[in-house]
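J.: Sharing start.cif (mmCIF, C-alpha atoms and all ligand atoms) below.
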```cif
data_coords
loop_
_atom_site.group_PDB
_atom_site.id
_atom_site.type_symbol
_atom_site.label_atom_id
_atom_site.label_comp_id
_atom_site.auth_asym_id
_atom_site.auth_seq_id
_atom_site.Cartn_x
_atom_site.Cartn_y
_atom_site.Cartn_z
ATOM 1 C CA MET A 210 105.802 -53.492 41.016
ATOM 2 C CA ASN A 211 107.274 -50.254 42.289
ATOM 3 C CA SER A 212 105.217 -47.365 40.918
ATOM 4 C CA THR A 213 107.159 -44.537 42.543
ATOM 5 C CA SER A 214 107.209 -41.720 40.006
ATOM 6 C CA SER A 215 110.387 -39.870 39.168
ATOM 7 C CA LYS A 216 108.229 -37.121 37.639
ATOM 8 C CA ALA A 217 107.445 -35.326 40.868
ATOM 9 C CA LYS A 218 105.371 -32.190 40.423
ATOM 10 C CA LYS A 219 107.725 -29.185 40.396
ATOM 11 C CA THR A 220 105.180 -26.419 40.046
ATOM 12 C CA SER A 221 101.836 -25.611 41.537
ATOM 13 C CA GLY A 222 99.328 -22.874 40.868
ATOM 14 C CA ASN A 223 97.130 -20.410 42.608
ATOM 15 C CA VAL A 224 94.757 -17.604 41.680
ATOM 16 C CA VAL A 225 94.096 -14.064 42.843
ATOM 17 C CA ILE A 226 90.430 -13.086 42.726
ATOM 18 C CA THR A 227 89.167 -9.529 43.033
ATOM 19 C CA ALA A 228 85.589 -10.424 43.848
ATOM 20 C CA GLU A 229 84.262 -6.875 43.584
ATOM 21 C CA ARG A 230 85.240 -6.624 39.913
ATOM 22 C CA CYS A 231 83.472 -9.849 39.018
ATOM 23 C CA LYS A 232 80.182 -9.865 37.139
ATOM 24 C CA GLY A 233 79.607 -13.593 37.491
ATOM 25 C CA CYS A 234 79.807 -14.470 33.799
ATOM 26 C CA GLY A 235 81.441 -17.820 34.553
ATOM 27 C CA PHE A 236 84.017 -17.658 31.724
ATOM 28 C CA CYS A 237 86.830 -18.441 34.151
ATOM 29 C CA VAL A 238 85.010 -21.532 35.412
ATOM 30 C CA GLU A 239 84.076 -22.648 31.911
ATOM 31 C CA PHE A 240 87.560 -22.315 30.438
ATOM 32 C CA CYS A 241 89.664 -23.580 33.342
ATOM 33 C CA PRO A 242 91.304 -26.664 31.819
ATOM 34 C CA THR A 243 91.554 -28.466 35.152
ATOM 35 C CA GLU A 244 88.060 -27.613 36.460
ATOM 36 C CA ALA A 245 89.562 -26.089 39.574
ATOM 37 C CA LEU A 246 87.074 -23.206 39.857
ATOM 38 C CA LYS A 247 83.403 -22.869 40.738
ATOM 39 C CA LEU A 248 81.190 -19.852 41.194
ATOM 40 C CA SER A 249 80.763 -19.141 44.872
ATOM 41 C CA SER A 250 77.376 -19.221 46.548
ATOM 42 C CA GLN A 251 78.366 -15.857 48.098
ATOM 43 C CA TYR A 252 77.457 -12.549 46.453
ATOM 44 C CA ASN A 253 79.729 -9.588 45.881
ATOM 45 C CA THR A 254 78.417 -6.071 46.472
ATOM 46 C CA LYS A 255 77.139 -5.904 42.875
ATOM 47 C CA GLY A 256 75.025 -9.004 43.458
ATOM 48 C CA TYR A 257 77.142 -11.422 41.410
ATOM 49 C CA HIS A 258 78.667 -14.752 42.348
ATOM 50 C CA PRO A 259 82.462 -14.516 42.027
ATOM 51 C CA PRO A 260 84.562 -17.628 41.408
ATOM 52 C CA THR A 261 86.347 -19.535 44.091
ATOM 53 C CA LEU A 262 89.219 -22.005 43.806
ATOM 54 C CA VAL A 263 87.555 -25.171 45.031
ATOM 55 C CA PHE A 264 90.297 -27.604 43.992
ATOM 56 C CA LYS A 265 93.545 -25.861 44.847
ATOM 57 C CA ASP A 266 95.622 -28.937 44.076
ATOM 58 C CA LYS A 267 94.224 -28.972 40.532
ATOM 59 C CA CYS A 268 95.290 -25.414 39.705
ATOM 60 C CA ASN A 269 98.468 -25.328 37.602
ATOM 61 C CA GLY A 270 98.699 -21.548 37.371
ATOM 62 C CA CYS A 271 98.123 -21.489 33.599
ATOM 63 C CA ASP A 272 96.196 -18.185 33.804
ATOM 64 C CA MET A 273 93.538 -19.259 31.328
ATOM 65 C CA CYS A 274 91.020 -17.841 33.806
ATOM 66 C CA GLY A 275 92.795 -14.491 33.695
ATOM 67 C CA ILE A 276 92.987 -14.509 29.903
ATOM 68 C CA MET A 277 89.264 -15.193 29.588
ATOM 69 C CA CYS A 278 88.030 -12.790 32.264
ATOM 70 C CA PRO A 279 86.622 -9.648 30.635
ATOM 71 C CA ASP A 280 86.880 -7.676 33.870
ATOM 72 C CA PHE A 281 90.426 -8.457 35.088
ATOM 73 C CA ALA A 282 88.862 -9.946 38.204
ATOM 74 C CA ILE A 283 91.034 -13.065 38.348
ATOM 75 C CA TYR A 284 94.495 -14.218 37.361
ATOM 76 C CA GLY A 285 96.507 -17.355 37.896
ATOM 77 C CA TYR A 286 100.199 -17.736 38.666
ATOM 78 C CA ARG A 287 102.673 -20.550 39.059
ATOM 79 C CA LEU A 288 104.591 -21.436 42.178
ATOM 80 C CA MET A 289 107.865 -23.333 42.179
ATOM 81 C CA LEU A 290 107.789 -26.274 44.566
ATOM 82 C CA LYS A 291 110.914 -27.152 46.518
HETATM 83 S S1 LIG B 301 95.265 -20.654 36.688
HETATM 84 FE FE1 LIG B 301 94.600 -22.192 35.153
HETATM 85 S S2 LIG B 301 94.273 -24.078 36.318
HETATM 86 FE FE2 LIG B 301 94.320 -22.378 37.813
HETATM 87 S S3 LIG B 301 92.172 -21.785 38.085
HETATM 88 FE FE3 LIG B 301 93.034 -20.465 36.462
HETATM 89 S S4 LIG B 301 92.543 -21.529 34.541
HETATM 90 FE FE4 LIG B 301 92.290 -23.006 36.206
HETATM 91 S S1 LIG B 302 85.494 -14.504 34.104
HETATM 92 FE FE1 LIG B 302 85.861 -12.753 35.480
HETATM 93 S S2 LIG B 302 83.904 -11.685 35.588
HETATM 94 FE FE2 LIG B 302 83.487 -13.723 34.763
HETATM 95 S S3 LIG B 302 82.971 -14.987 36.583
HETATM 96 FE FE3 LIG B 302 85.166 -15.202 36.226
HETATM 97 S S4 LIG B 302 86.141 -13.623 37.518
HETATM 98 FE FE4 LIG B 302 83.963 -13.098 37.325
#
```
Give the structure from the file, written as structure tokens.
Ligand code: SF4
Ligand code: SF4
T.:
Amino acid sequence: MNSTSSKAKKTSGNVVITAERCKGCGFCVEFCPTEALKLSSQYNTKGYHPPTLVFKDKCNGCDMCGIMCPDFAIYGYRLMLK
């Protein structure tokens, strides 16, 4: 059976993280619907672990992380794929 999908992915997502604003609360990680984020093992200058996009292919750019972040330290955006 041919399982070639005609529903090719037309958008992708990415995030912008301003690590120095982050206070490591983890809301972005907790509320990401695709589980694309984790808190980094690195520290920012305030001593917190900022998030990192560990599964870039999972990010759909929904910006739930940005909506939930109390410190405007992250936002997501969509990219159009060719
Ligand atoms: S933009 Fe959406 S999918 Fe991407 S990391 Fe943020 S919450 Fe997750
Ligand atoms: S929600 Fe904002 S402050 Fe909290 S861990 Fe994520 S980026 Fe940092």
J.: Could you tell me, as a VMD selection string, exactly which residues end up selected when the PyMOL selection byres (((not hetatm)) within 8 of (chain B and resi 302)) is applied to this structure?
T.: chain A and resid 226 to 228 230 to 238 248 258 to 260 274 to 275 277 to 283
J.: Measuring between all atoms listed in the file, which one of A:Lys255, A:Ser250, A:Glu229, A:Gly222 shows the shortest distance to ligand LIG 301 (chain B)?
T.: A:Gly222
J.: For the structure shown, which residues end up in the PyMOL selection byres (((chain A and resi 220) around 12) and not hetatm)? Put them as an NGL selection string, please?
T.: :A and (216-219 or 221-223 or 266-271 or 286-291)
J.: Write the residues of the preceding selection, restricted to C-alpha atoms, as an mmCIF file, keeping the file's coordinate frame.
T.:
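Generated file (part_25.cif):
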```
data_model
loop_
_atom_site.group_PDB
_atom_site.id
_atom_site.type_symbol
_atom_site.label_atom_id
_atom_site.label_comp_id
_atom_site.auth_asym_id
_atom_site.auth_seq_id
_atom_site.Cartn_x
_atom_site.Cartn_y
_atom_site.Cartn_z
ATOM 1 C CA LYS A 216 108.229 -37.121 37.639
ATOM 2 C CA ALA A 217 107.445 -35.326 40.868
ATOM 3 C CA LYS A 218 105.371 -32.190 40.423
ATOM 4 C CA LYS A 219 107.725 -29.185 40.396
ATOM 5 C CA SER A 221 101.836 -25.611 41.537
ATOM 6 C CA GLY A 222 99.328 -22.874 40.868
ATOM 7 C CA ASN A 223 97.130 -20.410 42.608
ATOM 8 C CA ASP A 266 95.622 -28.937 44.076
ATOM 9 C CA LYS A 267 94.224 -28.972 40.532
ATOM 10 C CA CYS A 268 95.290 -25.414 39.705
ATOM 11 C CA ASN A 269 98.468 -25.328 37.602
ATOM 12 C CA GLY A 270 98.699 -21.548 37.371
ATOM 13 C CA CYS A 271 98.123 -21.489 33.599
ATOM 14 C CA TYR A 286 100.199 -17.736 38.666
ATOM 15 C CA ARG A 287 102.673 -20.550 39.059
ATOM 16 C CA LEU A 288 104.591 -21.436 42.178
ATOM 17 C CA MET A 289 107.865 -23.333 42.179
ATOM 18 C CA LEU A 290 107.789 -26.274 44.566
ATOM 19 C CA LYS A 291 110.914 -27.152 46.518
#
```
J.: Could you check the closest approach to Val263 of chain A for each of A:Leu246, A:Gln251, A:Glu239, A:Ile276 and tell me which residue wins, using all atoms listed in the file?
T.: A:Leu246
J.: Just how far from atom CA of Phe240 of chain A is atom CA of Met273 of chain A, in Å to one decimal?
T.: 6.8 Å
